[in-house]
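Novice: What follows is a structure written as structure tokens; I'll ask about it next.
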Amino acid sequence: MILISLILTAAGCKDLNLSGDGNWAKNSLESGPDVKVRILRKKIFKHAIFEWPEGGIEIRDHQGHKIPWPPGARRVYLRQRGDQVALAFKPGPAAAKKATPYPSLGFHSIDNQISIAKLHVPERRFRRQYEGREFQIVVTRGRLALINVLPLEMYLSRVLPAEMAPSHFTLEALKAQAVVARTWALKNLRRHQRYGYNFCDGPHCQVYQGRKVISLRCERAVKMTQGEVLAYQGRLAEAFYHSTCGGNTAFIEEVWGSQPQPYLARVQDHWKPGYRPYCARSPYARWRARLSLRRLEQAMRKNRTLGQEEKLKQVEVDFLDRSGHVKRILITTNQRQYRMPGPKFRTLLNRIFGQRRILSNFYEIKMQGNKLAIQGRGLGHAVGMCQWGARGMAQHGFTYKEILEHYFKGTEINNFYNMPAKAAGKTVPATKKP
Ligand SMILES: [Zn+2]
Ligand SMILES: [Zn+2]
């Protein structure tokens with residue numbers, strides 16, 4: 001309990017409150033509310049090194065007291081010691097032994113400027129540069145946790161190239177992605193609120209890799225849409241996106257069983273019937289897999305979906321949902337027939353034959369001797385914007401507004417920074433303290 005409250009203190013929960021005065025600098029990546037992104041959430045490590053190219057950093061402990069830098073030092077060596085972080089200014093075991101432990105540490109850039117930190121995690125052979133106003137270090141659930149605090153617009157400019165390779169996408173498609181990514185972020189600020197930060201850096205939230213890939217085109221796309229979000233009936237919309245729909249997008253309720261949303265319904269991803277889908281040039285537009293029925297049978301016996309004497313005779317699609325995706329599979333063995341939900345079957349196949357074999361729930365199955373021949377379309381859940389479709393539309397001359405209108409019917413583009421606080425959900429209540 002003490003630990004969690006320390007984390008929250010370190011994370012400054014009041015900062016999650018976004019109801020500021022809206023006085024953010026215009027047309028700059030340094031605008032928008034600050035967001036807290038946990039770096040390397042899934043990795044366990046006990047040691048991290050931070051380096052700043054030029055000074056300008058203050059170190060503060062969990063109570064906000066300044067820790068003086070020794071003259072000439074630019075690097076800090078952090079090591080987990082129990083539930084505390086030990087800080088040293090020199091490498092090596094002797095310095096580590098003498099290092100002072102703190103419940104948490106914050107590295108703040110002076111005058112609230114953006115500074116660039118080099119992060120090195122030796123155990124993971126991980127080196128990367130991150131920009132931010134602040135870096136927070138805590139120990140949470142027995143792990144070292146690093147939190148990067150930076151303005152939303154700057155965060156988006158780094159999320160974009162990680163989510164959508166800039167070499168493949170033109171400006172209007174990237175602008176559409178910027179609006180969608182911004183809307184998603186603002187709608188999901190509380191995703192990791194319990195732990196005192198907003199987002200992780202993986203696909204669970206949006207992929208964020210700091211300055212690993214810097215794309216001027218992505219920065220432009222973010223700047224040109226500064227503050228723009230998708231709204232439905234005056235409120236922030238649920239802005240989902242995926243790689244390739246393969247022909248049409250999906251109803252949200254068919255994919256996740258959630259509340260239907262008029263703007264997250266099936267969209268035919270083409271100009272007119274008979275025309276190729278906008279995402280036809282995606283490398284995932286069409287795919288095939290030939291899978292061994294015997295291997296499937298063995299795996300199903302092992303996980304006790306099949307009895308020891310049971311043999312697979314036939315596997316077929318039983319039922320499609322309204323989006324055209326496989327909803328149910330019919331399995332015939334030498335003893336019985338039974339049905340399995342489509343998504344469960346896909347997870348099973350990917351577990352047996354390797355991830356990235358069955359890329360979506362949009363496929364057909366044919367039996368070919370003792371093989372399952374699967375022909376499919378698209379990659380991802382197919383809800384919301386199709387990224388490769390957005391690319392196709394942009395190449396046909398559609399603007400980002402037209403692209404968003406196509407995928408999210410009935411939504412409008414609002415400027416978040418001018419939206420009334422309530423509609424925008426700007427006020428996030430302070431994190432509950434245990
Ligand atoms: Zn996450
Ligand atoms: Zn598509």
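Just so we're on the same page: first chain in the structure tokens is A, next is B, and so on; residues restart at 1 for each chain, and ligands are numbered from 1 in the order they show up.
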Can you check which residues of region 5-235 of chain A DSSP gives as strand (DSSP E or B) on the backbone and send them as number ranges by chain?
Specialist: A: 34-39, 47-51, 57-61, 66-67, 75-81, 84-88, 100-102, 104-109, 115-121, 126-132, 134-140, 143-151, 199-200, 228-232, 235
Novice: Neighbouring residues of ligand 2 are defined here as those with any atom at most 6 Å from a ligand atom, counting only C-alpha atoms and all ligand atoms; list them as a PDB file with C-alpha atoms, in the first residue's frame.
Specialist:
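New file result04.pdb:
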```pdb
ATOM      1  CA  THR A 244      -6.053  -3.748 -43.292  1.00  0.00           C
ATOM      2  CA  CYS A 245      -9.760  -4.561 -43.379  1.00  0.00           C
ATOM      3  CA  GLY A 246      -9.559  -6.699 -46.535  1.00  0.00           C
ATOM      4  CA  GLY A 247     -12.771  -5.355 -48.129  1.00  0.00           C
ATOM      5  CA  ASN A 248     -15.061  -4.064 -45.418  1.00  0.00           C
ATOM      6  CA  ASP A 269     -13.960  -0.084 -48.177  1.00  0.00           C
ATOM      7  CA  TYR A 278      -8.912   0.938 -51.005  1.00  0.00           C
ATOM      8  CA  CYS A 279      -6.626  -1.383 -49.041  1.00  0.00           C
ATOM      9  CA  CYS A 386      -8.393   0.793 -42.118  1.00  0.00           C
ATOM     10  CA  GLY A 389      -7.440   1.900 -46.905  1.00  0.00           C
TER      11      GLY A 389
END
```
Novice: May I have the residues within 8 Å of Asn370 (chain A) as a PDB file with C-alpha atoms, in the first residue's frame, using only C-alpha atoms and disregarding those fewer than 5 positions away in the same chain?
Specialist:
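Dumped everything to around.pdb:
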```pdb
ATOM      1  CA  SER A 292      -1.490 -29.791 -41.210  1.00  0.00           C
ATOM      2  CA  LEU A 293      -4.663 -31.383 -39.903  1.00  0.00           C
ATOM      3  CA  ARG A 294      -2.625 -33.973 -37.984  1.00  0.00           C
TER       4      ARG A 294
END
```
Novice: For a quick check of understanding, using only C-alpha atoms and all ligand atoms, which of A:Ala250, A:Ile352, A:Val139, A:Ile39 has the smallest distance to ligand 1?
Specialist: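 Checking each candidate against ligand 1, we get A:Ile39 as the closest.
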Novice: I'd like a table as JSON lines: residues in chain A with an atom no more than 7 Å from ligand 1, each row giving the shortest atom pair and its distance in Å to one decimal, only C-alpha atoms and all ligand atoms counted, sorted by chain and rising residue number.
Specialist:
```
{"residue": "A:Arg191", "atom": "CA", "partner": "ligand 1", "partner_atom_place_in_ligand_line": "1 (Zn)", "distance": 6.6}
{"residue": "A:His192", "atom": "CA", "partner": "ligand 1", "partner_atom_place_in_ligand_line": "1 (Zn)", "distance": 6.6}
{"residue": "A:Phe199", "atom": "CA", "partner": "ligand 1", "partner_atom_place_in_ligand_line": "1 (Zn)", "distance": 5.0}
{"residue": "A:Cys200", "atom": "CA", "partner": "ligand 1", "partner_atom_place_in_ligand_line": "1 (Zn)", "distance": 4.0}
{"residue": "A:Asp201", "atom": "CA", "partner": "ligand 1", "partner_atom_place_in_ligand_line": "1 (Zn)", "distance": 6.7}
{"residue": "A:Gly202", "atom": "CA", "partner": "ligand 1", "partner_atom_place_in_ligand_line": "1 (Zn)", "distance": 6.3}
{"residue": "A:His204", "atom": "CA", "partner": "ligand 1", "partner_atom_place_in_ligand_line": "1 (Zn)", "distance": 4.3}
{"residue": "A:Cys205", "atom": "CA", "partner": "ligand 1", "partner_atom_place_in_ligand_line": "1 (Zn)", "distance": 4.0}
```
Novice: Which residue gives the smallest distance to Leu379 (chain A) among A:Leu359, A:Met224, A:Ile331, A:Leu312, with only C-alpha atoms counted?
Specialist: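 Ranking A:Leu359, A:Met224, A:Ile331, A:Leu312 by distance to Leu379 (chain A), first place goes to A:Leu359.
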Novice: From the set A:Gln63, A:Thr411, A:Gln226, A:Thr140, which residue has the shortest atom-to-atom contact distance to Gln84 (chain A), counting only C-alpha atoms?
Specialist: A:Thr140
Novice: Choose the residue, out of A:Gly234, A:Gly196, A:Gly32, A:Pro151, that has the smallest atom-to-atom separation from Glu131 (chain A); count only C-alpha atoms.
Specialist: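 Among the listed residues, the smallest separation from Glu131 (chain A) belongs to A:Pro151.
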